[in-house]
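K.L.:
What follows is the file input.txt, containing compact mmCIF, C-alpha atoms:
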# COMPACT_ATOMS: atom_id res chain seq x y z
CA MET A 218 131.53 102.33 71.21
CA GLU A 219 129.85 101.20 74.41
CA TYR A 220 129.74 104.76 75.68
CA ILE A 221 128.42 106.19 72.41
CA LEU A 222 125.57 103.68 72.50
CA PHE A 223 124.84 104.42 76.14
CA TYR A 224 124.79 108.19 75.73
CA GLY A 225 122.66 107.89 72.60
CA LEU A 226 120.08 105.74 74.39
CA ALA A 227 120.18 107.87 77.54
CA THR A 228 119.63 111.18 75.70
CA THR A 229 116.90 109.58 73.57
CA SER A 230 115.02 108.30 76.60
CA VAL A 231 115.31 111.55 78.58
CA THR A 232 114.35 113.72 75.58
CA ALA A 233 111.38 111.48 74.79
CA ALA A 234 110.32 111.65 78.46
CA LEU A 235 110.44 115.46 78.31
CA VAL A 236 108.30 115.37 75.14
CA VAL A 237 105.80 113.17 77.03
CA VAL A 238 105.43 115.87 79.68
CA PHE A 239 105.51 118.97 77.50
CA ALA A 240 103.68 117.91 74.32
CA ASN A 241 100.44 119.78 73.77
CA ARG A 242 98.54 116.86 72.28
CA VAL A 243 98.05 113.59 74.11
CA ILE A 244 98.76 111.49 71.03
CA TYR A 245 102.26 113.03 70.73
CA SER A 246 102.88 112.17 74.39
CA ALA A 247 101.90 108.56 73.73
CA LEU A 248 104.16 108.26 70.67
CA ALA A 249 107.08 109.84 72.58
CA LEU A 250 106.48 107.38 75.41
CA ILE A 251 106.85 104.48 72.96
CA VAL A 252 110.22 105.92 71.85
CA CYS A 253 111.23 106.29 75.51
CA PHE A 254 110.32 102.66 76.26
CA GLY A 255 112.31 101.51 73.24
CA ALA A 256 115.39 103.41 74.42
CA ILE A 257 115.02 101.95 77.92
CA ALA A 258 114.81 98.48 76.34
CA GLY A 259 118.15 99.26 74.67
CA LEU A 260 119.61 100.17 78.08
CA PHE A 261 118.34 96.83 79.44
CA PHE A 262 120.16 95.12 76.59
CA GLN A 263 123.37 96.87 77.58
CA LEU A 264 122.91 95.65 81.15
CA ASP A 265 122.86 91.97 80.02
CA ALA A 266 119.09 91.63 80.60
CA GLN A 267 118.14 90.44 77.13
CA PHE A 268 114.92 88.70 78.17
CA ILE A 269 113.66 91.72 80.10
CA ALA A 270 114.53 93.92 77.11
CA ALA A 271 112.40 91.76 74.83
CA VAL A 272 109.53 91.70 77.35
CA GLN A 273 109.83 95.48 77.66
CA VAL A 274 109.32 95.92 73.93
CA ILE A 275 106.51 93.36 73.70
CA VAL A 276 104.56 94.23 76.86
CA TYR A 277 105.22 97.94 77.32
CA ALA A 278 105.82 99.34 73.87
CA GLY A 279 103.48 96.78 72.37
CA ALA A 280 100.53 95.83 74.57
CA ILE A 281 100.23 98.67 77.08
CA MET A 282 100.88 101.52 74.65
CA VAL A 283 98.46 100.06 72.08
CA LEU A 284 95.85 100.07 74.86
CA PHE A 285 96.67 103.73 75.53
CA LEU A 286 96.45 104.63 71.84
CA PHE A 287 93.09 102.84 71.58
CA VAL A 288 91.68 104.85 74.47
CA ILE A 289 93.11 108.11 73.08
CA MET A 290 91.51 107.46 69.70
CA LEU A 291 88.25 106.43 71.38
CA LEU A 292 87.97 109.52 73.59
CA ASP A 293 89.70 112.06 71.31
CA PRO A 294 90.96 114.36 74.09
CA GLU A 295 91.32 118.06 73.30
CA SER A 296 94.82 119.51 73.33
CA GLU A 297 96.00 121.15 76.52
CA ASP A 298 97.44 124.61 76.06
CA PHE A 299 100.35 125.62 78.26
CA SER A 300 99.65 129.33 77.85
CA THR A 301 96.52 129.31 80.01
CA ASP A 302 96.82 131.08 83.35
CA ARG A 303 96.23 127.97 85.40
CA LEU A 304 99.13 126.05 83.90
CA LYS A 305 101.43 129.08 83.92
CA GLN A 306 101.60 129.41 87.69
CA ILE A 307 102.24 125.72 88.40
CA PRO A 308 105.87 125.50 87.06
CA ILE A 309 107.01 127.96 89.75
CA LEU A 310 106.26 125.23 92.27
CA VAL A 311 107.24 122.26 90.14
CA VAL A 312 110.73 123.32 88.99
CA PRO A 313 112.29 123.67 92.49
CA LEU A 314 110.52 120.50 93.60
CA ALA A 315 111.81 118.51 90.63
CA ALA A 316 115.33 119.93 91.08
CA ALA A 317 115.33 119.00 94.77
CA LEU A 318 114.08 115.47 94.06
CA ALA A 319 116.66 114.96 91.30
CA PHE A 320 119.41 116.23 93.62
CA ILE A 321 118.39 113.81 96.39
CA LEU A 322 118.12 110.81 94.06
CA ILE A 323 121.49 111.46 92.39
CA GLN A 324 123.09 112.04 95.80
CA VAL A 325 121.78 108.67 96.99
CA THR A 326 123.16 107.10 93.82
CA PHE A 327 126.69 108.32 94.46
CA LEU A 328 126.44 107.37 98.13
CA TRP A 329 125.50 103.83 97.09
CA SER A 330 128.31 103.48 94.57
CA GLU A 331 130.84 104.50 97.25
CA ASN A 332 129.58 101.80 99.61
CA ALA A 333 129.15 99.20 96.90
CA SER A 334 132.77 99.32 95.79
CA ARG A 335 133.59 97.53 99.04
CA SER A 336 130.96 94.76 98.89
CA LEU A 337 130.10 94.32 95.23
CA SER A 338 130.71 90.58 94.78
CA ALA A 339 127.37 89.66 96.33
CA GLY A 340 125.79 87.16 93.94
CA GLY A 341 126.88 84.34 91.67
CA HIS A 342 125.18 85.51 88.48
CA THR A 343 128.09 87.27 86.81
CA ALA A 344 128.06 88.26 83.15
CA GLY A 345 130.24 85.23 82.36
CA SER A 346 128.06 82.68 84.12
CA LEU A 347 124.97 84.17 82.48
CA GLN A 348 126.56 83.73 79.09
CA MET A 349 127.16 80.05 79.88
CA THR A 350 123.57 79.19 80.84
CA GLY A 351 121.75 81.98 79.08
CA ASN A 352 119.81 84.84 80.60
CA THR A 353 116.35 83.36 79.97
CA GLU A 354 117.20 79.97 81.43
CA SER A 355 118.71 81.40 84.62
CA LEU A 356 115.72 83.70 84.99
CA ALA A 357 113.27 80.83 84.50
CA ARG A 358 115.03 78.67 87.09
CA LEU A 359 114.77 81.48 89.63
CA LEU A 360 111.18 82.41 88.73
CA PHE A 361 109.75 78.89 88.84
CA ARG A 362 111.61 77.76 91.95
CA GLU A 363 112.23 80.49 94.50
CA TYR A 364 109.58 82.89 93.23
CA LEU A 365 106.89 80.34 92.35
CA LEU A 366 104.31 81.54 94.89
CA PRO A 367 104.58 85.25 93.94
CA PHE A 368 104.35 84.16 90.30
CA GLU A 369 101.11 82.28 90.95
CA ILE A 370 99.69 85.20 92.93
CA THR A 371 100.44 87.40 89.90
CA SER A 372 97.98 85.35 87.86
CA ILE A 373 95.23 86.12 90.41
CA LEU A 374 96.15 89.81 90.13
CA ILE A 375 95.80 89.73 86.35
CA LEU A 376 92.51 87.82 86.56
CA SER A 377 91.03 90.36 88.98
CA ALA A 378 92.30 93.23 86.78
CA VAL A 379 90.63 91.73 83.70
CA LEU A 380 87.36 91.16 85.58
CA GLY A 381 87.54 94.68 87.00
CA ALA A 382 88.10 96.24 83.59
CA VAL A 383 85.22 94.26 82.05
CA ILE A 384 82.78 95.08 84.86
CA LEU A 385 83.78 98.76 85.00
CA THR A 386 83.32 99.47 81.31
CA ARG A 387 80.04 97.55 81.01
CA ARG A 388 77.17 99.72 79.77
CA PRO A 389 74.64 100.50 82.50
CA GLU A 390 71.30 98.80 81.86
CA MET B 1200 132.09 98.64 81.34
CA ILE B 1201 130.00 101.71 82.01
CA PRO B 1202 129.83 102.57 85.75
CA SER B 1203 126.55 101.90 87.50
CA THR B 1204 126.07 105.54 88.49
CA HIS B 1205 125.50 106.48 84.83
CA TYR B 1206 122.47 104.21 84.58
CA LEU B 1207 121.18 105.25 87.99
CA VAL B 1208 121.39 108.95 87.09
CA VAL B 1209 119.39 108.32 83.90
CA ALA B 1210 116.79 106.42 85.97
CA ALA B 1211 116.65 109.26 88.51
CA LEU B 1212 116.13 111.84 85.75
CA LEU B 1213 113.35 109.77 84.15
CA PHE B 1214 111.65 109.38 87.53
CA VAL B 1215 111.80 113.12 88.26
CA ILE B 1216 110.41 113.91 84.79
CA GLY B 1217 107.56 111.50 85.51
CA VAL B 1218 106.82 113.12 88.89
CA SER B 1219 106.82 116.63 87.43
CA GLY B 1220 104.55 115.42 84.63
CA VAL B 1221 101.99 114.14 87.13
CA ILE B 1222 102.08 117.48 88.97
CA LEU B 1223 102.19 119.65 85.85
CA ARG B 1224 99.62 118.09 83.55
CA ARG B 1225 95.89 118.05 84.20
CA ASN B 1226 94.93 115.55 81.50
CA VAL B 1227 94.19 112.14 83.02
CA ILE B 1228 95.72 110.14 80.18
CA THR B 1229 98.97 112.13 80.21
CA MET B 1230 99.20 111.83 84.00
CA PHE B 1231 98.69 108.09 83.66
CA MET B 1232 101.46 107.86 81.06
CA CYS B 1233 103.78 109.75 83.43
CA ILE B 1234 103.06 107.10 86.08
CA GLU B 1235 104.12 104.42 83.57
CA LEU B 1236 107.28 106.45 82.97
CA MET B 1237 108.05 106.41 86.70
CA LEU B 1238 107.53 102.64 86.84
CA ASN B 1239 109.99 102.28 83.98
CA ALA B 1240 112.57 104.43 85.74
CA VAL B 1241 112.31 102.14 88.76
CA ASN B 1242 112.67 99.12 86.46
CA LEU B 1243 115.90 100.59 85.10
CA THR B 1244 117.19 100.96 88.67
CA PHE B 1245 116.26 97.34 89.43
CA ILE B 1246 118.08 96.04 86.35
CA THR B 1247 121.15 98.16 87.10
CA PHE B 1248 121.42 96.85 90.65
CA SER B 1249 120.77 93.31 89.43
CA ARG B 1250 123.66 93.65 86.99
CA PHE B 1251 126.14 95.24 89.36
CA LEU B 1252 125.34 93.00 92.35
CA ASN B 1253 125.47 89.89 90.11
CA GLN B 1254 122.00 88.79 91.20
CA LEU B 1255 119.01 87.98 89.04
CA ASP B 1256 116.36 88.78 91.68
CA GLY B 1257 116.09 92.33 90.37
CA GLN B 1258 115.05 91.07 86.95
CA ILE B 1259 112.32 88.90 88.53
CA PHE B 1260 111.06 92.00 90.33
CA VAL B 1261 110.97 93.86 87.03
CA LEU B 1262 108.76 91.10 85.62
CA PHE B 1263 106.37 91.58 88.55
CA VAL B 1264 106.41 95.37 88.15
CA MET B 1265 105.51 94.91 84.47
CA THR B 1266 102.60 92.65 85.43
CA VAL B 1267 101.34 95.21 87.91
CA ALA B 1268 101.74 97.94 85.29
CA ALA B 1269 99.70 95.94 82.77
CA ALA B 1270 96.93 95.29 85.32
CA GLU B 1271 97.03 98.95 86.32
CA ALA B 1272 96.77 100.07 82.69
CA ALA B 1273 93.72 97.84 82.11
CA VAL B 1274 91.83 99.06 85.19
CA GLY B 1275 93.02 102.67 84.95
CA LEU B 1276 92.03 103.05 81.31
CA ALA B 1277 88.63 101.52 82.14
CA LEU B 1278 88.24 104.21 84.82
CA ILE B 1279 89.25 106.91 82.33
CA VAL B 1280 86.62 105.66 79.87
CA ILE B 1281 83.95 105.82 82.61
CA LEU B 1282 85.11 109.29 83.64
CA SER B 1283 84.78 110.64 80.12
CA ARG B 1284 81.41 108.90 79.72
CA ARG B 1285 79.91 110.28 82.94
CA ALA B 1286 81.59 113.67 83.39
CA ASP B 1287 82.37 114.27 79.70
CA THR B 1288 85.84 115.56 80.54
CA LEU B 1289 89.41 114.30 80.86
CA ASP B 1290 90.49 117.22 83.05
CA VAL B 1291 91.16 116.11 86.62
CA ASP B 1292 90.31 119.56 87.97
CA GLN B 1293 86.76 119.15 86.73
CA ALA B 1294 86.33 115.70 88.23
CA ASP B 1295 86.00 117.04 91.78
CA THR B 1296 82.81 115.35 92.97
CA MET B 1297 84.61 113.55 95.79
CA LYS B 1298 86.76 116.54 96.72
CA TRP B 1299 86.05 117.90 100.16
In structure tokens, how does this file's structure come out?
P.N.:
Amino acid sequence: MEYILFYGLATTSVTAALVVVFANRVIYSALALIVCFGAIAGLFFQLDAQFIAAVQVIVYAGAIMVLFLFVIMLLDPESEDFSTDRLKQIPILVVPLAAALAFILIQVTFLWSENASRSLSAGGHTAGSLQMTGNTESLARLLFREYLLPFEITSILILSAVLGAVILTRRPE
Amino acid sequence: MIPSTHYLVVAALLFVIGVSGVILRRNVITMFMCIELMLNAVNLTFITFSRFLNQLDGQIFVLFVMTVAAAEAAVGLALIVILSRRADTLDVDQADTMKW
């Protein structure tokens, strides 16, 4: 059951990601990206990160993608055709590059899992202890104690981003 | 319990798809969405490590990555709007004023 769910979510996310890259129209890419984010939220759920899964759906699939869809509807970009000469010659370079990068990343993954089997019991937040206190509560304790300063700095980052966006899109007088 | 490598391989695949999307596509909005895809792949890696090392720090980092992604989306989409307003194109190959 666990495995069926995992493989379903994994194939959904990877297929949706491929649609994002290879769709001719930008709006299809955006919709596929929403599906991909939803599937990744499901994977977060499986990894006992319920709060992050909810935030993923609300912030990513909700806020950020709505922003994207707004801009797409505002600008109405023309569809990009893959049959043009310019796009045809690029995959010759991209495919080996992507294959090499995937090989390296997966190799690192297996290297890590070999080392980790020796020293895995690093932290105290096991699945059992998280179930006792709750994922959100444990996360809040960590965020507002040890990571309080980074958290406050984040608010400055968001403020500057909002100001930047407002100033950038202002109509020139 | 599904082994950690399964999740990490999915994250690696998503990241590589995002990278190839940035190289392959010439539409600014699609390239930008591929960057978001890469950020999400990294988030998946963070959560996986957080789960299998029994530490919550990875989830805190994911929260910060999401904040940065939201800020980036706001500023980046503002830049895209200006680009289409000034150059009347969304093709990065045509926005080459600063190219040497």
K.L.:
Using only C-alpha atoms, what does the table of chain B residues within 6 Å of chain A look like, with each row giving the shortest atom pair and its distance in Å to one decimal, sorted by chain and ascending number, as a tab-separated table?
P.N.:
residue	atom	partner	partner_atom	distance
B:Val1208	CA	A:Ile323	CA	5.9
B:Ala1211	CA	A:Leu322	CA	5.9
B:Val1215	CA	A:Ala315	CA	5.9
B:Gly1220	CA	A:Val238	CA	5.0
B:Leu1252	CA	A:Ala339	CA	5.6
B:Asn1253	CA	A:His342	CA	4.7
B:Gln1254	CA	A:Gly340	CA	5.0
B:Ala1270	CA	A:Ala378	CA	5.3
B:Val1274	CA	A:Ala382	CA	4.9
B:Ala1277	CA	A:Ala382	CA	5.5
K.L.:
Write the residues you've just listed into a file as an mmCIF file, in the frame of the given file, and include C-alpha atoms for each of them.
P.N.:
data_model
loop_
_atom_site.group_PDB
_atom_site.id
_atom_site.type_symbol
_atom_site.label_atom_id
_atom_site.label_comp_id
_atom_site.auth_asym_id
_atom_site.auth_seq_id
_atom_site.Cartn_x
_atom_site.Cartn_y
_atom_site.Cartn_z
ATOM 1 C CA VAL B 1208 121.390 108.950 87.090
ATOM 2 C CA ALA B 1211 116.650 109.260 88.510
ATOM 3 C CA VAL B 1215 111.800 113.120 88.260
ATOM 4 C CA GLY B 1220 104.550 115.420 84.630
ATOM 5 C CA LEU B 1252 125.340 93.000 92.350
ATOM 6 C CA ASN B 1253 125.470 89.890 90.110
ATOM 7 C CA GLN B 1254 122.000 88.790 91.200
ATOM 8 C CA ALA B 1270 96.930 95.290 85.320
ATOM 9 C CA VAL B 1274 91.830 99.060 85.190
ATOM 10 C CA ALA B 1277 88.630 101.520 82.140
#
K.L.:
So the first atom is atom CA of Leu1207 of chain B and the second is atom CA of Phe1260 of chain B; what is the distance between them in Å, to one decimal place?
P.N.:
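It comes out at 16.8 Å.
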K.L.:
Which residue is closest to Val1280 of chain B? Choose from B:Ala1210, B:Val1227, B:Ile1201, B:Lys1298 and count only C-alpha atoms.
P.N.:
B:Val1227
K.L.:
Please indicate the distance in Å from atom CA of Met290 of chain A to atom CA of Val1267 of chain B, rounded to one decimal place.
P.N.:
24.0 Å
K.L.:
Report the distance between atom CA of Thr1266 of chain B and atom CA of Leu1282 of chain B in Å, rounded to one decimal place.
P.N.:
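Atom-to-atom, atom CA of Thr1266 of chain B to atom CA of Leu1282 of chain B, that is 24.2 Å.
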